[in-house]
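Asks: Dropping in coords.pdb, with PDB, C-alpha atoms and all ligand atoms.
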```pdb
MODEL        1
ATOM      1  CA  MET P   1      16.866  47.871  -5.398
ATOM      2  CA  ASP P   2      14.876  47.489  -2.176
ATOM      3  CA  ASP P   3      11.500  46.350  -0.933
ATOM      4  CA  ILE P   4       9.893  49.598   0.132
ATOM      5  CA  GLU P   5       6.774  50.256   2.179
ATOM      6  CA  ALA P   6       4.245  52.311   0.287
ATOM      7  CA  THR P   7       0.947  54.067   0.922
ATOM      8  CA  ILE P   8      -1.670  54.621  -1.763
ATOM      9  CA  ILE P   9      -2.307  58.330  -2.098
ATOM     10  CA  GLN P  10      -4.527  58.119  -5.176
ATOM     11  CA  ASN P  11      -6.186  55.328  -7.166
ATOM     12  CA  LYS P  12      -7.956  56.992 -10.013
ATOM     13  CA  HIS P  13     -10.192  55.569 -12.702
ATOM     14  CA  ILE P  14      -9.286  57.022 -16.120
ATOM     15  CA  VAL P  15     -11.513  55.316 -18.674
ATOM     16  CA  SER P  16     -12.960  51.803 -19.316
ATOM     17  CA  ASN P  17     -10.697  49.451 -17.335
ATOM     18  CA  TYR P  18      -7.700  51.797 -17.031
ATOM     19  CA  TYR P  19      -6.492  53.355 -13.769
ATOM     20  CA  THR P  20      -3.562  55.298 -12.351
ATOM     21  CA  LEU P  21      -2.166  54.467  -8.947
ATOM     22  CA  LYS P  22      -0.084  56.976  -7.005
ATOM     23  CA  LEU P  23       2.014  55.679  -4.103
ATOM     24  CA  ARG P  24       4.030  57.539  -1.484
ATOM     25  CA  LEU P  25       7.118  55.437  -0.726
ATOM     26  CA  SER P  26       8.714  55.365   2.708
ATOM     27  CA  GLY P  27      12.177  55.595   1.110
ATOM     28  CA  SER P  28      13.854  56.336  -2.184
ATOM     29  CA  MET P  29      13.963  53.896  -5.129
ATOM     30  CA  GLY P  30      17.108  55.661  -6.301
ATOM     31  CA  ARG P  31      17.548  56.291 -10.002
ATOM     32  CA  VAL P  32      14.822  54.841 -12.234
ATOM     33  CA  LEU P  33      15.549  54.385 -15.935
ATOM     34  CA  PRO P  34      13.005  54.347 -18.802
ATOM     35  CA  GLY P  35      11.751  50.769 -19.260
ATOM     36  CA  GLN P  36      12.235  49.617 -15.673
ATOM     37  CA  PHE P  37       9.437  48.133 -13.605
ATOM     38  CA  VAL P  38       8.402  47.311 -10.046
ATOM     39  CA  MET P  39       6.870  44.234  -8.417
ATOM     40  CA  LEU P  40       3.831  45.443  -6.512
ATOM     41  CA  LYS P  41       2.223  43.560  -3.635
ATOM     42  CA  ILE P  42      -1.513  43.451  -4.198
ATOM     43  CA  PRO P  43      -2.984  44.570  -0.843
ATOM     44  CA  GLY P  44      -4.815  41.882   1.151
ATOM     45  CA  ASN P  45      -4.213  38.143   1.334
ATOM     46  CA  GLU P  46      -6.005  36.890  -1.767
ATOM     47  CA  VAL P  47      -3.154  37.263  -4.262
ATOM     48  CA  PHE P  48       0.161  35.759  -3.239
ATOM     49  CA  LEU P  49       2.468  36.563  -6.133
ATOM     50  CA  ARG P  50       3.378  40.144  -6.781
ATOM     51  CA  ARG P  51       2.478  41.730 -10.092
ATOM     52  CA  PRO P  52       4.893  43.575 -12.403
ATOM     53  CA  PHE P  53       4.078  47.133 -13.518
ATOM     54  CA  SER P  54       6.156  49.614 -15.483
ATOM     55  CA  VAL P  55       7.191  52.784 -13.720
ATOM     56  CA  TYR P  56       4.875  55.343 -15.302
ATOM     57  CA  ALA P  57       6.412  58.231 -13.341
ATOM     58  CA  TYR P  58       8.660  58.616 -10.332
ATOM     59  CA  SER P  59       9.954  61.592  -8.395
ATOM     60  CA  ASN P  60      10.480  62.598  -4.757
ATOM     61  CA  ASN P  61       9.561  59.136  -3.441
ATOM     62  CA  THR P  62       6.219  59.296  -5.261
ATOM     63  CA  LEU P  63       5.626  56.464  -7.700
ATOM     64  CA  THR P  64       2.853  56.442 -10.313
ATOM     65  CA  LEU P  65       1.691  53.324 -12.141
ATOM     66  CA  MET P  66      -0.878  53.113 -14.912
ATOM     67  CA  TYR P  67      -2.719  49.818 -15.069
ATOM     68  CA  ARG P  68      -5.429  47.937 -16.886
ATOM     69  CA  VAL P  69      -7.760  45.609 -15.019
ATOM     70  CA  VAL P  70      -7.402  42.150 -16.589
ATOM     71  CA  GLY P  71      -7.711  39.621 -13.747
ATOM     72  CA  LYS P  72      -7.913  39.034 -10.031
ATOM     73  CA  GLY P  73      -4.889  41.078  -8.917
ATOM     74  CA  THR P  74      -5.679  44.203 -10.891
ATOM     75  CA  GLU P  75      -9.378  43.860  -9.999
ATOM     76  CA  ILE P  76      -8.491  43.936  -6.289
ATOM     77  CA  LEU P  77      -6.051  46.772  -6.908
ATOM     78  CA  SER P  78      -8.729  48.866  -8.613
ATOM     79  CA  LYS P  79     -10.793  48.751  -5.401
ATOM     80  CA  CYS P  80      -7.969  49.719  -3.040
ATOM     81  CA  PRO P  81      -8.736  52.942  -1.209
ATOM     82  CA  LYS P  82      -6.462  55.847  -0.346
ATOM     83  CA  ASN P  83      -4.176  55.214   2.660
ATOM     84  CA  GLU P  84      -4.057  51.438   2.006
ATOM     85  CA  ARG P  85      -0.507  50.199   2.616
ATOM     86  CA  THR P  86       1.511  47.873   0.432
ATOM     87  CA  LEU P  87       5.064  46.985  -0.699
ATOM     88  CA  VAL P  88       6.987  47.897  -3.817
ATOM     89  CA  LEU P  89      10.125  46.117  -5.008
ATOM     90  CA  GLY P  90      12.162  48.001  -7.538
ATOM     91  CA  PRO P  91      13.357  49.393  -9.772
ATOM     92  CA  LEU P  92      13.887  46.117 -11.640
ATOM     93  CA  GLY P  93      15.098  45.043 -15.065
ATOM     94  CA  ASN P  94      17.179  46.736 -17.705
ATOM     95  CA  ALA P  95      16.254  49.900 -19.612
ATOM     96  CA  PHE P  96      15.842  51.312 -23.103
ATOM     97  CA  ARG P  97      19.217  52.175 -24.589
ATOM     98  CA  ILE P  98      19.072  55.543 -26.303
ATOM     99  CA  ARG P  99      21.824  56.132 -28.827
ATOM    100  CA  LYS P 100      22.265  59.328 -30.786
ATOM    101  CA  THR P 101      20.239  59.254 -33.970
ATOM    102  CA  ASP P 102      18.216  61.528 -36.284
ATOM    103  CA  LYS P 103      14.834  60.162 -35.366
ATOM    104  CA  TYR P 104      13.316  58.437 -32.361
ATOM    105  CA  ILE P 105      10.048  56.618 -32.984
ATOM    106  CA  VAL P 106       8.030  55.410 -29.999
ATOM    107  CA  VAL P 107       5.188  52.998 -30.692
ATOM    108  CA  ALA P 108       2.671  51.974 -28.043
ATOM    109  CA  GLY P 109      -0.560  50.037 -28.016
ATOM    110  CA  GLY P 110      -3.167  50.302 -25.251
ATOM    111  CA  ILE P 111      -1.646  49.973 -21.776
ATOM    112  CA  GLY P 112       1.762  49.673 -23.505
ATOM    113  CA  ILE P 113       1.881  53.447 -23.139
ATOM    114  CA  ALA P 114       2.737  52.941 -19.446
ATOM    115  CA  GLY P 115       5.946  51.146 -20.447
ATOM    116  CA  VAL P 116       7.218  53.978 -22.656
ATOM    117  CA  HIS P 117       5.891  56.959 -20.683
ATOM    118  CA  THR P 118       9.168  57.815 -18.928
ATOM    119  CA  LEU P 119      11.028  57.277 -22.223
ATOM    120  CA  ILE P 120       8.742  59.769 -23.991
ATOM    121  CA  LYS P 121       9.253  62.249 -21.140
ATOM    122  CA  ARG P 122      13.008  61.827 -21.575
ATOM    123  CA  LEU P 123      12.983  62.232 -25.379
ATOM    124  CA  GLY P 124      10.398  65.044 -25.420
ATOM    125  CA  LYS P 125       9.998  66.707 -28.821
ATOM    126  CA  LYS P 126      12.702  64.470 -30.302
ATOM    127  CA  ALA P 127      10.220  61.578 -30.258
ATOM    128  CA  SER P 128       7.647  60.801 -32.942
ATOM    129  CA  ILE P 129       4.905  59.042 -31.043
ATOM    130  CA  PHE P 130       2.541  56.455 -32.515
ATOM    131  CA  TYR P 131      -0.289  55.376 -30.280
ATOM    132  CA  GLY P 132      -2.881  52.741 -31.082
ATOM    133  CA  CYS P 133      -5.989  52.042 -29.040
ATOM    134  CA  THR P 134      -9.550  50.820 -29.369
ATOM    135  CA  ASN P 135     -11.559  54.034 -29.466
ATOM    136  CA  LYS P 136     -11.266  57.785 -28.947
ATOM    137  CA  GLU P 137     -12.197  57.570 -25.241
ATOM    138  CA  GLU P 138      -8.956  55.668 -24.621
ATOM    139  CA  LEU P 139      -6.989  58.626 -25.921
ATOM    140  CA  SER P 140      -7.376  60.104 -22.446
ATOM    141  CA  LEU P 141      -4.441  57.802 -21.574
ATOM    142  CA  ILE P 142      -2.183  60.126 -23.570
ATOM    143  CA  ASN P 143      -3.659  63.457 -22.477
ATOM    144  CA  ASP P 144      -0.334  64.645 -21.116
ATOM    145  CA  MET P 145       1.379  63.990 -24.472
ATOM    146  CA  LEU P 146      -0.924  65.865 -26.812
ATOM    147  CA  HIS P 147       1.558  68.762 -27.088
ATOM    148  CA  LEU P 148       3.998  66.278 -28.667
ATOM    149  CA  ASN P 149       1.544  65.724 -31.548
ATOM    150  CA  PRO P 150       1.201  61.942 -31.307
ATOM    151  CA  MET P 151      -0.087  60.093 -34.350
ATOM    152  CA  VAL P 152      -3.041  58.015 -33.273
ATOM    153  CA  SER P 153      -5.019  55.107 -34.582
ATOM    154  CA  THR P 154      -8.263  53.680 -33.256
ATOM    155  CA  LEU P 155      -9.606  50.269 -34.163
ATOM    156  CA  ASP P 156     -13.155  51.622 -34.486
ATOM    157  CA  GLY P 157     -12.055  54.675 -36.498
ATOM    158  CA  SER P 158     -13.546  57.123 -33.959
ATOM    159  CA  CYS P 159     -10.348  59.206 -33.980
ATOM    160  CA  GLY P 160      -7.255  59.410 -36.166
ATOM    161  CA  PHE P 161      -6.340  56.581 -38.514
ATOM    162  CA  GLU P 162      -8.806  53.675 -38.609
ATOM    163  CA  GLY P 163      -6.995  50.402 -37.989
ATOM    164  CA  ASN P 164      -3.968  49.200 -36.115
ATOM    165  CA  VAL P 165      -1.039  51.415 -35.262
ATOM    166  CA  ILE P 166       1.480  49.418 -37.307
ATOM    167  CA  ALA P 167      -0.499  50.111 -40.477
ATOM    168  CA  LEU P 168      -0.329  53.830 -39.590
ATOM    169  CA  LEU P 169       3.386  53.582 -38.869
ATOM    170  CA  GLY P 170       3.890  51.856 -42.239
ATOM    171  CA  SER P 171       3.171  54.969 -44.297
ATOM    172  CA  TYR P 172       5.407  57.074 -42.043
ATOM    173  CA  ILE P 173       8.283  54.605 -42.369
ATOM    174  CA  GLU P 174       7.844  54.691 -46.143
ATOM    175  CA  SER P 175       7.862  58.507 -46.291
ATOM    176  CA  THR P 176      10.995  58.818 -44.118
ATOM    177  CA  LYS P 177      12.968  56.066 -45.855
ATOM    178  CA  GLY P 178      16.748  56.319 -45.618
ATOM    179  CA  GLU P 179      16.775  58.308 -42.378
ATOM    180  CA  ASP P 180      18.804  57.046 -39.452
ATOM    181  CA  ARG P 181      16.254  56.074 -36.824
ATOM    182  CA  GLN P 182      15.593  54.062 -33.737
ATOM    183  CA  ILE P 183      12.270  52.508 -32.765
ATOM    184  CA  PHE P 184      11.013  51.722 -29.252
ATOM    185  CA  VAL P 185       7.896  49.665 -28.788
ATOM    186  CA  CYS P 186       5.583  48.417 -26.048
ATOM    187  CA  GLY P 187       2.233  46.752 -26.593
ATOM    188  CA  PRO P 188       0.548  43.429 -27.310
ATOM    189  CA  ALA P 189       2.787  40.647 -28.698
ATOM    190  CA  GLY P 190       0.921  40.734 -32.042
ATOM    191  CA  MET P 191       1.868  44.374 -32.447
ATOM    192  CA  ALA P 192       5.588  43.626 -32.103
ATOM    193  CA  ARG P 193       5.231  40.763 -34.619
ATOM    194  CA  ASN P 194       3.557  43.074 -37.150
ATOM    195  CA  LEU P 195       6.199  45.724 -36.584
ATOM    196  CA  ARG P 196       8.875  43.158 -37.198
ATOM    197  CA  LYS P 197       7.355  42.252 -40.576
ATOM    198  CA  LEU P 198       7.127  45.933 -41.480
ATOM    199  CA  ILE P 199      10.800  46.738 -40.855
ATOM    200  CA  GLU P 200      12.285  43.320 -41.619
ATOM    201  CA  LYS P 201      13.765  44.472 -44.929
ATOM    202  CA  ASP P 202      15.650  47.437 -43.484
ATOM    203  CA  ARG P 203      16.263  45.858 -40.068
ATOM    204  CA  THR P 204      15.774  49.236 -38.419
ATOM    205  CA  PRO P 205      17.234  49.301 -34.881
ATOM    206  CA  CYS P 206      14.325  48.520 -32.605
ATOM    207  CA  GLN P 207      13.909  47.733 -28.921
ATOM    208  CA  VAL P 208      10.835  46.092 -27.499
ATOM    209  CA  LEU P 209       9.584  46.031 -23.915
ATOM    210  CA  VAL P 210       8.048  42.597 -23.361
ATOM    211  CA  GLU P 211       5.347  42.106 -20.755
ATOM    212  CA  GLU P 212       5.789  38.418 -19.975
ATOM    213  CA  ARG P 213       3.961  36.974 -16.979
ATOM    214  CA  MET P 214       6.284  36.991 -13.990
ATOM    215  CA  ALA P 215       6.485  35.201 -10.660
ATOM    216  CA  CYS P 216       9.570  36.308  -8.694
ATOM    217  CA  GLY P 217      10.669  39.264 -10.843
ATOM    218  CA  LEU P 218      14.220  38.690  -9.598
ATOM    219  CA  GLY P 219      15.676  36.162 -12.025
ATOM    220  CA  LEU P 220      15.271  33.193  -9.680
ATOM    221  CA  CYS P 221      12.319  31.138 -10.933
ATOM    222  CA  PHE P 222      12.840  31.199 -14.736
ATOM    223  CA  GLY P 223       9.094  31.645 -15.105
ATOM    224  CA  CYS P 224       9.425  34.554 -17.524
ATOM    225  CA  VAL P 225      11.871  33.213 -20.112
ATOM    226  CA  ILE P 226      11.702  34.149 -23.755
ATOM    227  CA  LYS P 227      13.590  32.536 -26.618
ATOM    228  CA  THR P 228      16.341  34.453 -28.381
ATOM    229  CA  ILE P 229      18.677  33.828 -31.305
ATOM    230  CA  ASP P 230      21.624  33.350 -28.927
ATOM    231  CA  GLU P 231      22.822  29.833 -29.803
ATOM    232  CA  LYS P 232      24.666  29.207 -26.534
ATOM    233  CA  GLU P 233      22.016  30.583 -24.171
ATOM    234  CA  PRO P 234      18.774  30.927 -26.111
ATOM    235  CA  TYR P 235      16.512  31.506 -23.101
ATOM    236  CA  LYS P 236      16.613  34.913 -21.434
ATOM    237  CA  ARG P 237      14.643  36.078 -18.410
ATOM    238  CA  ALA P 238      12.324  38.983 -19.103
ATOM    239  CA  CYS P 239      12.752  40.215 -15.528
ATOM    240  CA  LYS P 240      16.549  40.114 -15.482
ATOM    241  CA  GLU P 241      17.993  40.340 -18.999
ATOM    242  CA  GLY P 242      14.869  42.304 -20.014
ATOM    243  CA  PRO P 243      12.180  43.532 -20.039
ATOM    244  CA  VAL P 244      13.724  45.531 -22.901
ATOM    245  CA  PHE P 245      15.156  43.414 -25.724
ATOM    246  CA  ASP P 246      16.535  44.078 -29.153
ATOM    247  CA  LEU P 247      13.698  43.113 -31.526
ATOM    248  CA  TRP P 248      16.185  41.318 -33.779
ATOM    249  CA  GLU P 249      17.524  39.140 -30.977
ATOM    250  CA  ILE P 250      14.266  37.628 -29.753
ATOM    251  CA  LEU P 251      12.021  35.041 -31.360
ATOM    252  CA  LEU P 252       8.448  36.318 -31.275
TER     253      LEU P 252
HETATM  254  C1  LIG O   1       7.738  44.298 -17.202
HETATM  255  C2  LIG O   1       6.234  44.368 -17.171
HETATM  256  C3  LIG O   1       5.625  45.605 -17.099
HETATM  257  C4  LIG O   1       4.228  45.666 -17.057
HETATM  258  N1  LIG O   1       3.667  46.900 -16.973
HETATM  259  C5  LIG O   1       2.335  47.008 -16.881
HETATM  260  C6  LIG O   1       1.739  48.286 -16.696
HETATM  261  O1  LIG O   1       2.412  49.306 -16.591
HETATM  262  N2  LIG O   1       0.394  48.340 -16.618
HETATM  263  C7  LIG O   1      -0.385  47.204 -16.713
HETATM  264  O2  LIG O   1      -1.611  47.315 -16.640
HETATM  265  N3  LIG O   1       0.154  46.005 -16.887
HETATM  266  C8  LIG O   1       1.491  45.869 -16.952
HETATM  267  N4  LIG O   1       2.045  44.625 -17.079
HETATM  268  C9  LIG O   1       1.148  43.458 -17.136
HETATM  269  C10 LIG O   1       0.655  43.179 -15.722
HETATM  270  O3  LIG O   1       1.714  42.684 -14.953
HETATM  271  C11 LIG O   1      -0.493  42.160 -15.750
HETATM  272  O4  LIG O   1      -1.604  42.725 -16.408
HETATM  273  C12 LIG O   1      -0.900  41.797 -14.343
HETATM  274  O5  LIG O   1       0.121  41.053 -13.737
HETATM  275  C13 LIG O   1      -2.176  40.980 -14.384
HETATM  276  O6  LIG O   1      -2.481  40.603 -13.071
HETATM  277  P1  LIG O   1      -3.934  40.086 -12.700
HETATM  278  O7  LIG O   1      -3.838  39.407 -11.390
HETATM  279  O8  LIG O   1      -4.930  41.192 -12.832
HETATM  280  O9  LIG O   1      -4.271  39.081 -13.856
HETATM  281  P2  LIG O   1      -4.169  37.490 -13.832
HETATM  282  O10 LIG O   1      -5.339  36.975 -13.037
HETATM  283  O11 LIG O   1      -2.794  37.068 -13.434
HETATM  284  O12 LIG O   1      -4.405  37.204 -15.365
HETATM  285  C14 LIG O   1      -5.624  37.610 -16.006
HETATM  286  C15 LIG O   1      -5.520  37.435 -17.501
HETATM  287  O13 LIG O   1      -4.520  38.285 -18.028
HETATM  288  C16 LIG O   1      -3.512  37.510 -18.670
HETATM  289  N5  LIG O   1      -2.230  38.108 -18.309
HETATM  290  C17 LIG O   1      -1.723  38.292 -17.054
HETATM  291  N6  LIG O   1      -0.509  38.852 -17.119
HETATM  292  C18 LIG O   1      -0.246  39.039 -18.424
HETATM  293  C19 LIG O   1       0.840  39.558 -19.152
HETATM  294  N7  LIG O   1       1.941  40.008 -18.557
HETATM  295  N8  LIG O   1       0.756  39.589 -20.507
HETATM  296  C20 LIG O   1      -0.328  39.110 -21.146
HETATM  297  N9  LIG O   1      -1.397  38.592 -20.507
HETATM  298  C21 LIG O   1      -1.354  38.549 -19.188
HETATM  299  C22 LIG O   1      -3.653  36.111 -18.121
HETATM  300  O14 LIG O   1      -3.178  35.126 -19.018
HETATM  301  C23 LIG O   1      -5.140  36.015 -17.932
HETATM  302  O15 LIG O   1      -5.811  35.720 -19.122
HETATM  303  C24 LIG O   1       3.430  44.503 -17.119
HETATM  304  C25 LIG O   1       4.064  43.257 -17.187
HETATM  305  C26 LIG O   1       5.450  43.200 -17.206
HETATM  306  C27 LIG O   1       6.124  41.885 -17.258
HETATM  307  S1  LIG O   2       9.954  36.074 -12.952
HETATM  308 FE1  LIG O   2      11.210  34.685 -11.905
HETATM  309  S2  LIG O   2      12.935  34.600 -13.238
HETATM  310 FE2  LIG O   2      11.740  36.161 -14.101
ENDMDL
END
```
Represent the structure contained in this file as structure tokens.

Replies:
Amino acid sequence: MDDIEATIIQNKHIVSNYYTLKLRLSGSMGRVLPGQFVMLKIPGNEVFLRRPFSVYAYSNNTLTLMYRVVGKGTEILSKCPKNERTLVLGPLGNAFRIRKTDKYIVVAGGIGIAGVHTLIKRLGKKASIFYGCTNKEELSLINDMLHLNPMVSTLDGSCGFEGNVIALLGSYIESTKGEDRQIFVCGPAGMARNLRKLIEKDRTPCQVLVEERMACGLGLCFGCVIKTIDEKEPYKRACKEGPVFDLWEILL
């Protein structure tokens, strides 16, 4: 893991406040595993702390991130032009652990799709994808996955199931009862809590990528801790021991 100089080669608006950022790195990040992230320097001097972003795609020293504008850092980022230079630290964190099973279920909400994108690419047709977003326009975030027949929900009912994605997943879980399966999830904290309630009875193996706020991203500041059931060491760092955790080991 190194701090690598990077040049923006594309910063593209997708829809509403979603963008993709393509960076040419001056060196290799080495092997990047599904679930890992980078700490990106926001160009300019206004934002001091780096911001964490999942690796959306990476090959041949070209890194792609998908991001949602929520505050100052991402606002500045959205205005960065081509050829702007910056720094990328990564890859960081652990990764999704894929064990052999009959069924892989990947659940994402909104920008959570960025966190599971490389995982979906790895699993391909073996993955059943559930994607929840606000309206049908936001489905352009999963344009490159349509051939995998994702099951979608929109909160306004403009496409697919009307409601949240966990309600949609509920009927699928019911109809595939008894099958050996593994769930991977990335999205808002409320989504993971609802998922937990849904599968509590069967305690289906499930890993969740948590998007805690981070400061150093390196395990030094303890600014990203989350509580787990581990009695000896209940607090784990999302940047170091995570960002992927076993759903049954963390307290949401
Ligand atoms: C491992 C990891 C991977 C991530 N991957 C992505 C990604 O691929 N794409 C993406 O768009 N975002 C991702 N995030 C979240 C991203 O880091 C934040 O959206 C970003 O840091 C916000 O910076 P900002 O300066 O724009 O917002 P700030 O000005 O720092 O905050 C603006 C608002 O957003 C809230 N906020 C900031 N960070 C978070 C957070 N992590 N969770 C919930 N609320 C937050 C703040 O409380 C505040 O209300 C990831 C976070 C982690 C930890
Ligand atoms: S962000 Fe500093 S320890 Fe995780």

Asks: Identify which of the residues P:Phe37, P:Leu141, P:Asn164, P:Thr74 lies closest to Val210 in chain P, counting all atoms listed in the file when measuring atom-to-atom distances.

Replies: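 That would be P:Phe37, the residue with the smallest distance to Val210 in chain P.
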
Asks: What does the structure give for the distance between CA of Ile4 in chain P and CA of Met66 in chain P, in Å to one decimal?

Replies: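 Distance reported for this atom pair: 18.8 Å.
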
Asks: Kindly compile the residues surrounding ligand LIG 1 (chain O) within 6 Å, counting only C-alpha atoms and all ligand atoms, and format them as a ChimeraX atom specification.

Replies: /P:37,51-54,66-75,111,114-115,211-214,243

Asks: Could I get the residues of chain P with an atom no further than 9 Å from an atom of ligand LIG 2 (chain O), each paired with its nearest atom pair and that distance in Å to one decimal, using only C-alpha atoms and all ligand atoms, sorted by chain and residue number, as JSON lines?

Replies:
```
{"residue": "P:Glu212", "atom": "CA", "partner": "O:LIG2", "partner_atom": "S1", "distance": 8.5}
{"residue": "P:Arg213", "atom": "CA", "partner": "O:LIG2", "partner_atom": "S1", "distance": 7.3}
{"residue": "P:Met214", "atom": "CA", "partner": "O:LIG2", "partner_atom": "S1", "distance": 3.9}
{"residue": "P:Ala215", "atom": "CA", "partner": "O:LIG2", "partner_atom": "S1", "distance": 4.2}
{"residue": "P:Cys216", "atom": "CA", "partner": "O:LIG2", "partner_atom": "FE1", "distance": 4.0}
{"residue": "P:Gly217", "atom": "CA", "partner": "O:LIG2", "partner_atom": "S1", "distance": 3.9}
{"residue": "P:Leu218", "atom": "CA", "partner": "O:LIG2", "partner_atom": "FE1", "distance": 5.5}
{"residue": "P:Gly219", "atom": "CA", "partner": "O:LIG2", "partner_atom": "S2", "distance": 3.4}
{"residue": "P:Leu220", "atom": "CA", "partner": "O:LIG2", "partner_atom": "S2", "distance": 4.5}
{"residue": "P:Cys221", "atom": "CA", "partner": "O:LIG2", "partner_atom": "FE1", "distance": 3.8}
{"residue": "P:Phe222", "atom": "CA", "partner": "O:LIG2", "partner_atom": "S2", "distance": 3.7}
{"residue": "P:Gly223", "atom": "CA", "partner": "O:LIG2", "partner_atom": "FE1", "distance": 4.9}
{"residue": "P:Cys224", "atom": "CA", "partner": "O:LIG2", "partner_atom": "FE2", "distance": 4.4}
{"residue": "P:Val225", "atom": "CA", "partner": "O:LIG2", "partner_atom": "FE2", "distance": 6.7}
{"residue": "P:Lys236", "atom": "CA", "partner": "O:LIG2", "partner_atom": "FE2", "distance": 8.9}
{"residue": "P:Arg237", "atom": "CA", "partner": "O:LIG2", "partner_atom": "FE2", "distance": 5.2}
{"residue": "P:Ala238", "atom": "CA", "partner": "O:LIG2", "partner_atom": "FE2", "distance": 5.8}
{"residue": "P:Cys239", "atom": "CA", "partner": "O:LIG2", "partner_atom": "FE2", "distance": 4.4}
{"residue": "P:Lys240", "atom": "CA", "partner": "O:LIG2", "partner_atom": "FE2", "distance": 6.4}
{"residue": "P:Glu241", "atom": "CA", "partner": "O:LIG2", "partner_atom": "FE2", "distance": 9.0}
```

Asks: Starting from the PyMOL selection byres (((chain P and resi 152) around 10) and not hetatm), expand the selection into actual residues of this file and give them as a ChimeraX atom specification.

Replies: /P:107-109,129-133,136,139,142,149-151,153-154,159-165,168-169

Asks: Identify which of the residues P:Pro205, P:Lys121, P:Ile76, P:Lys82 lies closest to Lys12 in chain P, counting only C-alpha atoms when measuring atom-to-atom distances.

Replies: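 Closest to Lys12 in chain P of all the choices is P:Lys82.
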
Asks: Considering only C-alpha atoms, return as JSON, numbers by chain whatever protein or nucleic-acid residues lie within 10 Å of range 23-35 of chain P, sequence-local ones (same chain, fewer than 2 positions apart) excluded.

Replies: {"P": [1, 2, 3, 4, 5, 6, 7, 8, 9, 10, 11, 20, 21, 37, 38, 54, 55, 56, 57, 58, 59, 60, 61, 62, 63, 64, 65, 82, 83, 84, 85, 86, 87, 88, 89, 90, 91, 92, 93, 94, 95, 96, 97, 98, 114, 115, 116, 117, 118, 119, 120, 121, 122, 186, 208, 209, 210, 242, 243, 244]}

Asks: Take the residues from that selection and put them in a file with C-alpha atoms, as a tab-separated table (two decimals), in the frame of the given file.

Replies:
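Result written to part_16.tsv:
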```tsv
chain	number	residue	atom	x	y	z
P	1	MET	CA	16.87	47.87	-5.40
P	2	ASP	CA	14.88	47.49	-2.18
P	3	ASP	CA	11.50	46.35	-0.93
P	4	ILE	CA	9.89	49.60	0.13
P	5	GLU	CA	6.77	50.26	2.18
P	6	ALA	CA	4.24	52.31	0.29
P	7	THR	CA	0.95	54.07	0.92
P	8	ILE	CA	-1.67	54.62	-1.76
P	9	ILE	CA	-2.31	58.33	-2.10
P	10	GLN	CA	-4.53	58.12	-5.18
P	11	ASN	CA	-6.19	55.33	-7.17
P	20	THR	CA	-3.56	55.30	-12.35
P	21	LEU	CA	-2.17	54.47	-8.95
P	37	PHE	CA	9.44	48.13	-13.60
P	38	VAL	CA	8.40	47.31	-10.05
P	54	SER	CA	6.16	49.61	-15.48
P	55	VAL	CA	7.19	52.78	-13.72
P	56	TYR	CA	4.88	55.34	-15.30
P	57	ALA	CA	6.41	58.23	-13.34
P	58	TYR	CA	8.66	58.62	-10.33
P	59	SER	CA	9.95	61.59	-8.40
P	60	ASN	CA	10.48	62.60	-4.76
P	61	ASN	CA	9.56	59.14	-3.44
P	62	THR	CA	6.22	59.30	-5.26
P	63	LEU	CA	5.63	56.46	-7.70
P	64	THR	CA	2.85	56.44	-10.31
P	65	LEU	CA	1.69	53.32	-12.14
P	82	LYS	CA	-6.46	55.85	-0.35
P	83	ASN	CA	-4.18	55.21	2.66
P	84	GLU	CA	-4.06	51.44	2.01
P	85	ARG	CA	-0.51	50.20	2.62
P	86	THR	CA	1.51	47.87	0.43
P	87	LEU	CA	5.06	46.98	-0.70
P	88	VAL	CA	6.99	47.90	-3.82
P	89	LEU	CA	10.12	46.12	-5.01
P	90	GLY	CA	12.16	48.00	-7.54
P	91	PRO	CA	13.36	49.39	-9.77
P	92	LEU	CA	13.89	46.12	-11.64
P	93	GLY	CA	15.10	45.04	-15.06
P	94	ASN	CA	17.18	46.74	-17.70
P	95	ALA	CA	16.25	49.90	-19.61
P	96	PHE	CA	15.84	51.31	-23.10
P	97	ARG	CA	19.22	52.18	-24.59
P	98	ILE	CA	19.07	55.54	-26.30
P	114	ALA	CA	2.74	52.94	-19.45
P	115	GLY	CA	5.95	51.15	-20.45
P	116	VAL	CA	7.22	53.98	-22.66
P	117	HIS	CA	5.89	56.96	-20.68
P	118	THR	CA	9.17	57.82	-18.93
P	119	LEU	CA	11.03	57.28	-22.22
P	120	ILE	CA	8.74	59.77	-23.99
P	121	LYS	CA	9.25	62.25	-21.14
P	122	ARG	CA	13.01	61.83	-21.58
P	186	CYS	CA	5.58	48.42	-26.05
P	208	VAL	CA	10.84	46.09	-27.50
P	209	LEU	CA	9.58	46.03	-23.92
P	210	VAL	CA	8.05	42.60	-23.36
P	242	GLY	CA	14.87	42.30	-20.01
P	243	PRO	CA	12.18	43.53	-20.04
P	244	VAL	CA	13.72	45.53	-22.90
```

Asks: Could you list, as a PyMOL selection string, every residue matched by the PyMOL selection byres (((chain P and resi 182) around 12) and not hetatm) in this structure?

Replies: chain P and resi 96-107+123+126-128+173+179-181+183-185+199+202-208+246-247

Asks: Counting all atoms listed in the file, figure out which residue out of P:Leu198, P:Ala192, P:Cys80, P:Ile113 gets nearest to Phe245 in chain P.

Replies: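 Comparing P:Leu198, P:Ala192, P:Cys80, P:Ile113 against Phe245 in chain P, the winner is P:Ala192.
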
Asks: Just to confirm, what's the straight-line distance from CA of Asn135 in chain P to CA of Leu195 in chain P in Å (one decimal)?

Replies: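 Separating CA of Asn135 in chain P from CA of Leu195 in chain P is a distance of 20.9 Å.
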
Asks: Quick one: axis-aligned box around all listed atoms of range 49-52 of chain P, 5 Å on every side, centre and edge lengths in Å to one decimal, written as AutoDock Vina command-line options.

Replies:
```
--center_x 3.7 --center_y 40.1 --center_z -9.3 --size_x 12.4 --size_y 17.0 --size_z 16.3
```
